[in-house]
Number of protein chains: 2
Amino acid sequence: MSNKSSDFPRSPAPPKRVKVTQQDERNQPESAETTPTRFVSVGDVRFAYRRFGKPSGTPLVFLQHFRGSMDNWDPALLNGFAKDRTVITFDNAGVGFSTGEVPDTVAAMAHHALDFIDALHLTQVDLLGFSLGGYIAQHMTLSSPQLVRRLILAGTGPGKGEGTQDLNPTILDAASLPPSRNGQLQLFFEPTETSQAAGAAFLDRLQRRAGERDPSLMGPGVQAQRTALTRWDRNEDAAYPHLRAIAHPVFVASGSHDLIIPTVNAFVLAQRLPNAQLILYPG
Amino acid sequence: MSNKSSDFPRSPAPPKRVKVTQQDERNQPESAETTPTRFVSVGDVRFAYRRFGKPSGTPLVFLQHFRGSMDNWDPALLNGFAKDRTVITFDNAGVGFSTGEVPDTVAAMAHHALDFIDALHLTQVDLLGFSLGGYIAQHMTLSSPQLVRRLILAGTGPGKGEGTQDLNPTILDAASLPPSRNGQLQLFFEPTETSQAAGAAFLDRLQRRAGERDPSLMGPGVQAQRTALTRWDRNEDAAYPHLRAIAHPVFVASGSHDLIIPTVNAFVLAQRLPNAQLILYPG
């Protein structure tokens with residue numbers, strides 16, 4: 001655990017029994033649509049993951065949003081990155097094809113993600129965290145600053161602070177309903193013709209992968225993730241008080257009008273990080 | 001004046017007597033350092049300008065910051081754009097090599113700039129407005145929406161509105177002092193080693209142009225510009241209430257910690273514009 005050099009608290013966890021059930025297979029040029037799902041176990045959790053793209057020294061590890069599984073990443077996004085580097089997606093504990101329980105704190109989710117990365121014997125990664133995944137990525141960086149080289153934080157925030165806005169419970173209620181095409185179009189895309197068309201194309205791309213679908217989170221895990229979101233936004237384990245300690249290069253990106261994590265939170269995040277660039281995209 | 005199709009008020013001005021004292025010279029591949037200063041007269045104002053770069057259908061017209069003249073643009077920035085397109089810089093009325101009086105409203109400055117563009121017989125332009133120049137660019141776009149194709153708004157804001165911060169009078173006092181190398185390094189660059197080194201390189205590049213220096217604004221014009229800044233920021237003629245009417249593609253850029261126009265103002269600007277992308281740069 002040489003990468004865990006920070007004073008930032010990690011949540012307690014049971015002693016780990018690392019067991020790699022399938023060796024890494026490097027030099028796999030598969031695409032997001034064709035790469036096989038692999039598995040690696042740490043303690044009681046069997047993590048499902050996918051690893052593909054151009055072999056590169058530092059892979060880019062993707063951390064998914066509220067309820068999302070590996071099959072919720074846009075293949076176009078993954079394949080774009082995979083042209084230049086190794087891309088790793090995974091289901092965190094209790095999500096999708098992974099076993100275990102969904103914890104109700106971001107700290108514990110970050111702990112699971114670090115376990116997963118350790119199990120792959122990775123000593124340096126870049127992280128792309130989207131929404132809840134951005135919370136997890138910040139927590140991972142604070143607790144294991146040596147492990148992380150660069151960060152991409154998309155559609156996310158640092159927790160409650162000066163200038164931030166609280167998450168809207170009505171929107172979270174809508175996001176907690178059984179996933180539907182219309183629901184996703186409303187939550188993730190603006191009500192304009194161009195944005196809705198982009199959303200429809202995105203949802204179509206999600207269907208391109210053959211075989212069993214990696215399911216979105218349902219059941220009690222949804223409430224656990226929601227509790228984690230709320231705790232972070234009340235600053236129980238949030239990054240906001242610690243942002244100055246993240247000296248890493250960070251690219252912060254958000255939509256101009258993010259419904260789930262208010263866009264101003266991305267602005268506050270970027271302003272308080274010592275070395276961040278912010279982009280807000282319209283539509 | 002076929003481009004003036006908006007209801008957005010233009011300030012009253014005396015009837016114009018357009019007189020082009022020097023014809024446009026197209027197909028000039030000069031650089032920012034070598035292109036000659038040209039002149040064109042409208043009524044009582046003789047505008048100094050420079051025009052160079054790859055000939056292109058829609059030129060990019062630069063609108064300068066508080067006190068700045070043509071010689072305050074970074075040649076590296078201008079030459080970068082000039083590789084792909086025609087670049088036009090000019091001194092607005094009363095600034096640098098241009099005659100006339102500096103007005104004390106953004107509306108009147110925008111009026112002058114539109115006169116200048118008319119005098120060059122341009123029917124469509126892109127605008128890059130920096131700080132005060134960004135105020136002017138917004139006003140021009142609202143009063144002549146057909147003239148403007150796309151906007152770049154750098155280090156600027158929309159006037160007072162929800163979430164904006166007022167300009168700091170102490171900073172404006174500092175910016176009103178006689179220009180000095182140290183003053184510019186403090187106002188335009190963060191107090192970090194990398195940012196100060198970038199600032200020193202910028203100031204060195206400003207000296208590369210041979211011949212007479214186009215002077216920064218001094219004297220009573222400084223107070224007039226400052227009054228215009230203040231009036232805009234009190235919303236006397238500001239864009240804030242009208243931002244929804246700017247349907248143009250807008251690229252909003254700012255430093256993460258702009259001392260003169262608070263960075264949050266760029267955020268508010270980008271959020272309220274219907275079609276804007278925001279980038280905030282660290283350092």
# chains A, B, ... in the order shown; residues from 1 in each chain; ligands from 1
>>> residues_around(residues="Thr35 of chain B", least_positions_apart="3", cutoff="7 Å", atoms="only C-alpha atoms", output="list in words")
Glu30, Ser31, Ala32, Arg50 and Phe52 of chain B
>>> select_by_dssp(residues="segment 59-108 of chain B", states="strand (DSSP E or B)", output="ChimeraX atom specification")
/B:60-63,86-90
>>> write_last_selection(atoms="all heavy atoms", output="mmCIF file, in the first residue's frame")
data_model
loop_
_atom_site.group_PDB
_atom_site.id
_atom_site.type_symbol
_atom_site.label_atom_id
_atom_site.label_comp_id
_atom_site.auth_asym_id
_atom_site.auth_seq_id
_atom_site.Cartn_x
_atom_site.Cartn_y
_atom_site.Cartn_z
ATOM 1 N N LEU B 60 -11.162 38.712 -37.997
ATOM 2 C CA LEU B 60 -11.297 38.728 -36.545
ATOM 3 C C LEU B 60 -10.811 40.089 -36.051
ATOM 4 O O LEU B 60 -9.648 40.444 -36.231
ATOM 5 C CB LEU B 60 -10.468 37.605 -35.933
ATOM 6 C CG LEU B 60 -10.450 37.510 -34.397
ATOM 7 C CD1 LEU B 60 -11.846 37.285 -33.838
ATOM 8 C CD2 LEU B 60 -9.514 36.380 -33.949
ATOM 9 N N VAL B 61 -11.724 40.836 -35.463
ATOM 10 C CA VAL B 61 -11.422 42.193 -34.995
ATOM 11 C C VAL B 61 -11.195 42.158 -33.488
ATOM 12 O O VAL B 61 -12.034 41.622 -32.737
ATOM 13 C CB VAL B 61 -12.574 43.161 -35.339
ATOM 14 C CG1 VAL B 61 -12.279 44.562 -34.803
ATOM 15 C CG2 VAL B 61 -12.803 43.202 -36.837
ATOM 16 N N PHE B 62 -10.088 42.723 -33.044
ATOM 17 C CA PHE B 62 -9.686 42.690 -31.639
ATOM 18 C C PHE B 62 -10.082 43.984 -30.938
ATOM 19 O O PHE B 62 -9.813 45.078 -31.443
ATOM 20 C CB PHE B 62 -8.163 42.523 -31.533
ATOM 21 C CG PHE B 62 -7.692 41.124 -31.813
ATOM 22 C CD1 PHE B 62 -7.781 40.581 -33.092
ATOM 23 C CD2 PHE B 62 -7.163 40.336 -30.800
ATOM 24 C CE1 PHE B 62 -7.353 39.289 -33.356
ATOM 25 C CE2 PHE B 62 -6.724 39.045 -31.059
ATOM 26 C CZ PHE B 62 -6.817 38.522 -32.334
ATOM 27 N N LEU B 63 -10.678 43.840 -29.758
ATOM 28 C CA LEU B 63 -11.103 44.996 -28.955
ATOM 29 C C LEU B 63 -10.324 44.980 -27.648
ATOM 30 O O LEU B 63 -10.418 44.032 -26.855
ATOM 31 C CB LEU B 63 -12.613 44.924 -28.714
ATOM 32 C CG LEU B 63 -13.407 45.014 -30.022
ATOM 33 C CD1 LEU B 63 -14.697 44.228 -29.939
ATOM 34 C CD2 LEU B 63 -13.681 46.473 -30.383
ATOM 35 N N THR B 86 -7.620 36.648 -41.468
ATOM 36 C CA THR B 86 -7.300 38.065 -41.375
ATOM 37 C C THR B 86 -7.580 38.570 -39.971
ATOM 38 O O THR B 86 -8.638 38.330 -39.402
ATOM 39 C CB THR B 86 -8.153 38.866 -42.381
ATOM 40 O OG1 THR B 86 -7.876 38.382 -43.701
ATOM 41 C CG2 THR B 86 -7.827 40.342 -42.306
ATOM 42 N N VAL B 87 -6.596 39.285 -39.445
ATOM 43 C CA VAL B 87 -6.665 39.848 -38.107
ATOM 44 C C VAL B 87 -6.662 41.370 -38.224
ATOM 45 O O VAL B 87 -5.895 41.931 -39.005
ATOM 46 C CB VAL B 87 -5.447 39.354 -37.286
ATOM 47 C CG1 VAL B 87 -5.193 40.237 -36.084
ATOM 48 C CG2 VAL B 87 -5.623 37.899 -36.889
ATOM 49 N N ILE B 88 -7.538 42.006 -37.475
ATOM 50 C CA ILE B 88 -7.575 43.474 -37.463
ATOM 51 C C ILE B 88 -7.491 43.946 -36.023
ATOM 52 O O ILE B 88 -8.302 43.555 -35.186
ATOM 53 C CB ILE B 88 -8.869 44.016 -38.114
ATOM 54 C CG1 ILE B 88 -8.923 43.624 -39.595
ATOM 55 C CG2 ILE B 88 -8.962 45.539 -37.954
ATOM 56 C CD1 ILE B 88 -10.221 44.020 -40.298
ATOM 57 N N THR B 89 -6.497 44.784 -35.745
ATOM 58 C CA THR B 89 -6.446 45.482 -34.462
ATOM 59 C C THR B 89 -6.620 46.965 -34.735
ATOM 60 O O THR B 89 -6.325 47.444 -35.837
ATOM 61 C CB THR B 89 -5.117 45.242 -33.732
ATOM 62 O OG1 THR B 89 -4.039 45.747 -34.536
ATOM 63 C CG2 THR B 89 -4.891 43.760 -33.466
ATOM 64 N N PHE B 90 -7.129 47.674 -33.755
ATOM 65 C CA PHE B 90 -7.277 49.118 -33.960
ATOM 66 C C PHE B 90 -7.277 49.812 -32.610
ATOM 67 O O PHE B 90 -7.459 49.183 -31.559
ATOM 68 C CB PHE B 90 -8.548 49.443 -34.751
ATOM 69 C CG PHE B 90 -9.826 49.344 -33.961
ATOM 70 C CD1 PHE B 90 -10.553 50.488 -33.609
ATOM 71 C CD2 PHE B 90 -10.325 48.110 -33.551
ATOM 72 C CE1 PHE B 90 -11.729 50.407 -32.881
ATOM 73 C CE2 PHE B 90 -11.509 48.017 -32.820
ATOM 74 C CZ PHE B 90 -12.213 49.166 -32.483
#
>>> interface_residues(of="chain A", to="chain B", cutoff="8 Å", atoms="only C-alpha atoms", output="list of chain:residue names")
A:Ser256, A:His257, A:Phe267, A:Ala270, A:Gln271, A:Pro274, A:Asn275, A:Ala276, A:Gln277, A:Leu278, A:Ile279, A:Leu280, A:Tyr281, A:Pro282, A:Gly283
>>> write_last_selection(atoms="C-alpha atoms", output="compact mmCIF listing (two decimals), in the first residue's frame")
# COMPACT_ATOMS: atom_id res chain seq x y z
CA SER A 256 -23.43 24.76 -18.88
CA HIS A 257 -26.60 23.69 -17.08
CA PHE A 267 -16.73 26.36 -11.12
CA ALA A 270 -11.87 24.56 -10.52
CA GLN A 271 -11.29 27.88 -8.81
CA PRO A 274 -4.35 25.03 -7.50
CA ASN A 275 -3.84 23.68 -11.01
CA ALA A 276 -7.17 23.22 -12.74
CA GLN A 277 -8.55 24.16 -16.12
CA LEU A 278 -12.32 24.43 -16.43
CA ILE A 279 -14.43 23.94 -19.53
CA LEU A 280 -18.19 24.39 -19.58
CA TYR A 281 -19.92 23.08 -22.68
CA PRO A 282 -23.26 24.40 -23.96
CA GLY A 283 -26.07 22.01 -24.78
>>> atom_distance(atom1="atom CA of Phe81 of chain B", atom2="atom CA of Asp258 of chain B")
23.3 Å
>>> closest_residue(among="B:His65, B:Ala76, B:Pro103, B:Tyr49", to="Thr227 of chain B", atoms="only C-alpha atoms")
B:Pro103
>>> residues_around(residues="Asp204 of chain B", least_positions_apart="2", cutoff="12 Å", atoms="only C-alpha atoms", output="count of residues only")
18
>>> closest_residue(among="B:Ala266, B:Ile246, B:Val42, B:Met140", to="Gln165 of chain B", atoms="only C-alpha atoms")
B:Ala266
>>> atom_distance(atom1="atom CA of Asp104 of chain A", atom2="atom CA of Ala228 of chain A")
4.6 Å
>>> select_by_dssp(residues="segment 232-271 of chain B", states="alpha helix (DSSP H)", output="compact mmCIF listing (two decimals) with N, CA and C atoms, in the first residue's frame")
# COMPACT_ATOMS: atom_id res chain seq x y z
N TRP B 232 -21.02 50.37 -16.81
CA TRP B 232 -21.37 49.02 -17.28
C TRP B 232 -21.64 48.11 -16.09
N ASP B 233 -20.78 48.20 -15.11
CA ASP B 233 -20.91 47.29 -13.98
C ASP B 233 -22.09 47.66 -13.08
N THR B 263 -13.40 36.54 -11.88
CA THR B 263 -13.62 35.37 -12.74
C THR B 263 -15.06 34.90 -12.72
N VAL B 264 -15.71 35.05 -11.58
CA VAL B 264 -17.09 34.56 -11.51
C VAL B 264 -17.99 35.29 -12.52
N ASN B 265 -17.60 36.50 -12.90
CA ASN B 265 -18.40 37.23 -13.87
C ASN B 265 -18.36 36.55 -15.25
N ALA B 266 -17.21 35.97 -15.58
CA ALA B 266 -17.12 35.20 -16.83
C ALA B 266 -18.01 33.95 -16.75
N PHE B 267 -18.06 33.35 -15.58
CA PHE B 267 -18.91 32.19 -15.38
C PHE B 267 -20.39 32.56 -15.58
N VAL B 268 -20.81 33.64 -14.95
CA VAL B 268 -22.20 34.08 -15.09
C VAL B 268 -22.50 34.41 -16.56
N LEU B 269 -21.56 35.08 -17.19
CA LEU B 269 -21.72 35.43 -18.61
C LEU B 269 -21.95 34.17 -19.44
N ALA B 270 -21.10 33.18 -19.25
CA ALA B 270 -21.20 31.96 -20.07
C ALA B 270 -22.47 31.19 -19.76
N GLN B 271 -22.86 31.19 -18.48
CA GLN B 271 -24.06 30.43 -18.13
C GLN B 271 -25.33 31.03 -18.72
>>> residues_around(residues="Pro179 of chain B", least_positions_apart="4", cutoff="10 Å", atoms="only C-alpha atoms", output="MDAnalysis selection string")
chainID B and resid 67:68 174:175 183:184 216:218
>>> closest_residue(among="B:Pro262, B:Pro55, B:Pro220, B:Gly96", to="Lys83 of chain B", atoms="only C-alpha atoms")
B:Pro55
>>> residues_around(residues="Arg149 of chain A", least_positions_apart="3", cutoff="7 Å", atoms="only C-alpha atoms", output="number ranges by chain")
A: 124-126, 248
>>> write_last_selection(atoms="N, CA, C and O atoms", output="short mmCIF file (atom, residue, chain, number, x, y, z; two decimals), in the first residue's frame")
data_model
loop_
_atom_site.label_atom_id
_atom_site.label_comp_id
_atom_site.auth_asym_id
_atom_site.auth_seq_id
_atom_site.Cartn_x
_atom_site.Cartn_y
_atom_site.Cartn_z
N GLN A 124 0.53 3.80 -11.03
CA GLN A 124 0.16 5.18 -11.39
C GLN A 124 -1.00 5.14 -12.38
O GLN A 124 -0.97 4.37 -13.34
N VAL A 125 -1.98 5.97 -12.13
CA VAL A 125 -3.15 6.03 -13.01
C VAL A 125 -3.56 7.50 -13.21
O VAL A 125 -3.26 8.35 -12.38
N ASP A 126 -4.23 7.75 -14.31
CA ASP A 126 -5.03 8.96 -14.45
C ASP A 126 -6.47 8.55 -14.18
O ASP A 126 -6.87 7.41 -14.46
N HIS A 248 -2.24 18.21 -8.37
CA HIS A 248 -2.24 17.53 -9.66
C HIS A 248 -2.85 18.42 -10.75
O HIS A 248 -3.75 19.21 -10.47
#
>>> residues_around(residues="Ala245 of chain B", least_positions_apart="5", cutoff="12 Å", atoms="only C-alpha atoms", output="PyMOL selection string")
chain B and resi 6-8+138-139+141-145+239-240+272-275
>>> write_last_selection(atoms="C-alpha atoms", output="JSON list (two decimals), in the first residue's frame")
[["chain", "number", "residue", "atom", "x", "y", "z"],
["B", 6, "SER", "CA", -31.54, 45.18, -33.29],
["B", 7, "ASP", "CA", -33.72, 47.10, -30.90],
["B", 8, "PHE", "CA", -30.80, 47.34, -28.51],
["B", 138, "GLN", "CA", -21.12, 42.46, -26.25],
["B", 139, "HIS", "CA", -22.64, 45.87, -26.83],
["B", 141, "THR", "CA", -23.31, 42.32, -30.87],
["B", 142, "LEU", "CA", -26.53, 43.42, -29.22],
["B", 143, "SER", "CA", -26.85, 46.54, -31.36],
["B", 144, "SER", "CA", -25.64, 44.93, -34.63],
["B", 145, "PRO", "CA", -26.39, 41.21, -34.36],
["B", 239, "ALA", "CA", -25.38, 43.23, -21.59],
["B", 240, "TYR", "CA", -26.53, 41.26, -18.55],
["B", 272, "ARG", "CA", -26.60, 33.00, -19.28],
["B", 273, "LEU", "CA", -25.57, 33.10, -22.91],
["B", 274, "PRO", "CA", -27.58, 30.55, -24.89],
["B", 275, "ASN", "CA", -24.61, 29.20, -26.87]]
>>> closest_residue(among="A:Gly211, A:Pro59, A:Pro36, A:Gly53", to="Thr123 of chain A", atoms="only C-alpha atoms")
A:Pro59
>>> residues_around(residues="segment 98-101 of chain A", least_positions_apart="3", cutoff="8 Å", atoms="only C-alpha atoms", output="PyMOL selection string")
chain A and resi 44-48+91-95+221
>>> write_last_selection(atoms="all heavy atoms", output="PDB file, in the first residue's frame")
ATOM      1  N   ASP A  44     -13.857  -9.821  -0.282  1.00  0.00           N
ATOM      2  CA  ASP A  44     -15.156 -10.386  -0.640  1.00  0.00           C
ATOM      3  C   ASP A  44     -15.709  -9.827  -1.946  1.00  0.00           C
ATOM      4  O   ASP A  44     -16.792 -10.228  -2.360  1.00  0.00           O
ATOM      5  CB  ASP A  44     -16.173 -10.081   0.473  1.00  0.00           C
ATOM      6  CG  ASP A  44     -15.750 -10.707   1.791  1.00  0.00           C
ATOM      7  OD1 ASP A  44     -15.085 -11.770   1.746  1.00  0.00           O
ATOM      8  OD2 ASP A  44     -16.074 -10.129   2.845  1.00  0.00           O
ATOM      9  N   VAL A  45     -15.019  -8.895  -2.525  1.00  0.00           N
ATOM     10  CA  VAL A  45     -15.569  -8.242  -3.717  1.00  0.00           C
ATOM     11  C   VAL A  45     -14.893  -8.775  -4.974  1.00  0.00           C
ATOM     12  O   VAL A  45     -13.665  -8.796  -5.089  1.00  0.00           O
ATOM     13  CB  VAL A  45     -15.378  -6.713  -3.645  1.00  0.00           C
ATOM     14  CG1 VAL A  45     -15.962  -6.064  -4.899  1.00  0.00           C
ATOM     15  CG2 VAL A  45     -16.034  -6.151  -2.389  1.00  0.00           C
ATOM     16  N   ARG A  46     -15.719  -9.190  -5.923  1.00  0.00           N
ATOM     17  CA  ARG A  46     -15.229  -9.581  -7.248  1.00  0.00           C
ATOM     18  C   ARG A  46     -15.577  -8.431  -8.189  1.00  0.00           C
ATOM     19  O   ARG A  46     -16.749  -8.161  -8.446  1.00  0.00           O
ATOM     20  CB  ARG A  46     -15.926 -10.872  -7.675  1.00  0.00           C
ATOM     21  CG  ARG A  46     -15.472 -11.464  -8.989  1.00  0.00           C
ATOM     22  CD  ARG A  46     -16.021 -12.906  -9.107  1.00  0.00           C
ATOM     23  NE  ARG A  46     -15.804 -13.498 -10.412  1.00  0.00           N
ATOM     24  CZ  ARG A  46     -16.729 -13.518 -11.379  1.00  0.00           C
ATOM     25  NH1 ARG A  46     -17.915 -12.979 -11.196  1.00  0.00           N
ATOM     26  NH2 ARG A  46     -16.445 -14.106 -12.537  1.00  0.00           N
ATOM     27  N   PHE A  47     -14.524  -7.732  -8.611  1.00  0.00           N
ATOM     28  CA  PHE A  47     -14.735  -6.553  -9.455  1.00  0.00           C
ATOM     29  C   PHE A  47     -14.785  -6.963 -10.923  1.00  0.00           C
ATOM     30  O   PHE A  47     -13.885  -7.660 -11.411  1.00  0.00           O
ATOM     31  CB  PHE A  47     -13.585  -5.549  -9.302  1.00  0.00           C
ATOM     32  CG  PHE A  47     -13.540  -4.844  -7.979  1.00  0.00           C
ATOM     33  CD1 PHE A  47     -12.689  -5.286  -6.965  1.00  0.00           C
ATOM     34  CD2 PHE A  47     -14.335  -3.735  -7.743  1.00  0.00           C
ATOM     35  CE1 PHE A  47     -12.631  -4.637  -5.744  1.00  0.00           C
ATOM     36  CE2 PHE A  47     -14.282  -3.072  -6.517  1.00  0.00           C
ATOM     37  CZ  PHE A  47     -13.436  -3.530  -5.519  1.00  0.00           C
ATOM     38  N   ALA A  48     -15.800  -6.498 -11.628  1.00  0.00           N
ATOM     39  CA  ALA A  48     -15.856  -6.651 -13.083  1.00  0.00           C
ATOM     40  C   ALA A  48     -15.194  -5.433 -13.712  1.00  0.00           C
ATOM     41  O   ALA A  48     -15.393  -4.308 -13.252  1.00  0.00           O
ATOM     42  CB  ALA A  48     -17.313  -6.744 -13.543  1.00  0.00           C
ATOM     43  N   ASP A  91     -16.892  -1.835 -12.633  1.00  0.00           N
ATOM     44  CA  ASP A  91     -18.047  -1.642 -11.759  1.00  0.00           C
ATOM     45  C   ASP A  91     -17.551  -1.657 -10.328  1.00  0.00           C
ATOM     46  O   ASP A  91     -16.900  -2.620  -9.901  1.00  0.00           O
ATOM     47  CB  ASP A  91     -19.067  -2.776 -11.960  1.00  0.00           C
ATOM     48  CG  ASP A  91     -19.786  -2.686 -13.289  1.00  0.00           C
ATOM     49  OD1 ASP A  91     -19.922  -1.567 -13.828  1.00  0.00           O
ATOM     50  OD2 ASP A  91     -20.221  -3.748 -13.793  1.00  0.00           O
ATOM     51  N   ASN A  92     -17.865  -0.622  -9.598  1.00  0.00           N
ATOM     52  CA  ASN A  92     -17.452  -0.592  -8.199  1.00  0.00           C
ATOM     53  C   ASN A  92     -18.297  -1.603  -7.397  1.00  0.00           C
ATOM     54  O   ASN A  92     -19.276  -2.166  -7.910  1.00  0.00           O
ATOM     55  CB  ASN A  92     -17.580   0.830  -7.642  1.00  0.00           C
ATOM     56  CG  ASN A  92     -16.478   1.116  -6.605  1.00  0.00           C
ATOM     57  OD1 ASN A  92     -15.905   0.200  -6.013  1.00  0.00           O
ATOM     58  ND2 ASN A  92     -16.185   2.384  -6.381  1.00  0.00           N
ATOM     59  N   ALA A  93     -17.925  -1.826  -6.169  1.00  0.00           N
ATOM     60  CA  ALA A  93     -18.564  -2.866  -5.360  1.00  0.00           C
ATOM     61  C   ALA A  93     -20.082  -2.720  -5.354  1.00  0.00           C
ATOM     62  O   ALA A  93     -20.620  -1.645  -5.084  1.00  0.00           O
ATOM     63  CB  ALA A  93     -18.037  -2.809  -3.929  1.00  0.00           C
ATOM     64  N   GLY A  94     -20.757  -3.814  -5.667  1.00  0.00           N
ATOM     65  CA  GLY A  94     -22.213  -3.853  -5.608  1.00  0.00           C
ATOM     66  C   GLY A  94     -22.913  -3.325  -6.838  1.00  0.00           C
ATOM     67  O   GLY A  94     -24.142  -3.340  -6.905  1.00  0.00           O
ATOM     68  N   VAL A  95     -22.151  -2.856  -7.826  1.00  0.00           N
ATOM     69  CA  VAL A  95     -22.738  -2.263  -9.027  1.00  0.00           C
ATOM     70  C   VAL A  95     -22.526  -3.210 -10.204  1.00  0.00           C
ATOM     71  O   VAL A  95     -21.473  -3.855 -10.312  1.00  0.00           O
ATOM     72  CB  VAL A  95     -22.080  -0.901  -9.340  1.00  0.00           C
ATOM     73  CG1 VAL A  95     -22.633  -0.312 -10.639  1.00  0.00           C
ATOM     74  CG2 VAL A  95     -22.274   0.069  -8.179  1.00  0.00           C
ATOM     75  N   GLY A 221     -29.109  -0.510  -3.273  1.00  0.00           N
ATOM     76  CA  GLY A 221     -27.853   0.181  -3.594  1.00  0.00           C
ATOM     77  C   GLY A 221     -28.071   1.603  -4.062  1.00  0.00           C
ATOM     78  O   GLY A 221     -27.219   2.478  -3.872  1.00  0.00           O
TER      79      GLY A 221
END
>>> decode(residues="segment 55-71 of chain B", atoms="N, CA and C atoms", output="compact mmCIF listing (two decimals), in the first residue's frame")
# COMPACT_ATOMS: atom_id res chain seq x y z
N PRO B 55 -5.58 36.00 -45.93
CA PRO B 55 -6.85 36.57 -46.37
C PRO B 55 -8.00 35.60 -46.09
N SER B 56 -9.07 36.11 -45.50
CA SER B 56 -10.20 35.25 -45.15
C SER B 56 -11.47 36.06 -45.24
N GLY B 57 -12.57 35.37 -45.42
CA GLY B 57 -13.83 36.05 -45.63
C GLY B 57 -14.26 36.90 -44.46
N THR B 58 -14.14 36.36 -43.29
CA THR B 58 -14.61 37.07 -42.10
C THR B 58 -13.41 37.36 -41.20
N PRO B 59 -13.02 38.62 -41.11
CA PRO B 59 -11.85 38.91 -40.28
C PRO B 59 -12.20 38.82 -38.79
N LEU B 60 -11.16 38.71 -38.00
CA LEU B 60 -11.30 38.73 -36.54
C LEU B 60 -10.81 40.09 -36.05
N VAL B 61 -11.72 40.84 -35.46
CA VAL B 61 -11.42 42.19 -35.00
C VAL B 61 -11.20 42.16 -33.49
N PHE B 62 -10.09 42.72 -33.04
CA PHE B 62 -9.69 42.69 -31.64
C PHE B 62 -10.08 43.98 -30.94
N LEU B 63 -10.68 43.84 -29.76
CA LEU B 63 -11.10 45.00 -28.95
C LEU B 63 -10.32 44.98 -27.65
N GLN B 64 -9.61 46.06 -27.41
CA GLN B 64 -8.57 46.07 -26.39
C GLN B 64 -9.08 46.44 -25.00
N HIS B 65 -8.27 46.11 -24.01
CA HIS B 65 -8.61 46.29 -22.60
C HIS B 65 -8.39 47.74 -22.13
N PHE B 66 -8.81 47.98 -20.92
CA PHE B 66 -8.62 49.26 -20.22
C PHE B 66 -7.21 49.82 -20.49
N ARG B 67 -7.16 50.97 -21.09
CA ARG B 67 -5.92 51.71 -21.34
C ARG B 67 -5.07 51.16 -22.47
N GLY B 68 -5.39 49.97 -22.95
CA GLY B 68 -4.50 49.33 -23.91
C GLY B 68 -4.59 49.91 -25.30
N SER B 69 -3.49 49.84 -26.03
CA SER B 69 -3.43 50.22 -27.43
C SER B 69 -3.12 48.96 -28.25
N MET B 70 -2.99 49.15 -29.57
CA MET B 70 -2.64 48.02 -30.45
C MET B 70 -1.37 47.34 -30.00
N ASP B 71 -0.44 48.09 -29.46
CA ASP B 71 0.85 47.50 -29.07
C ASP B 71 0.78 46.73 -27.76
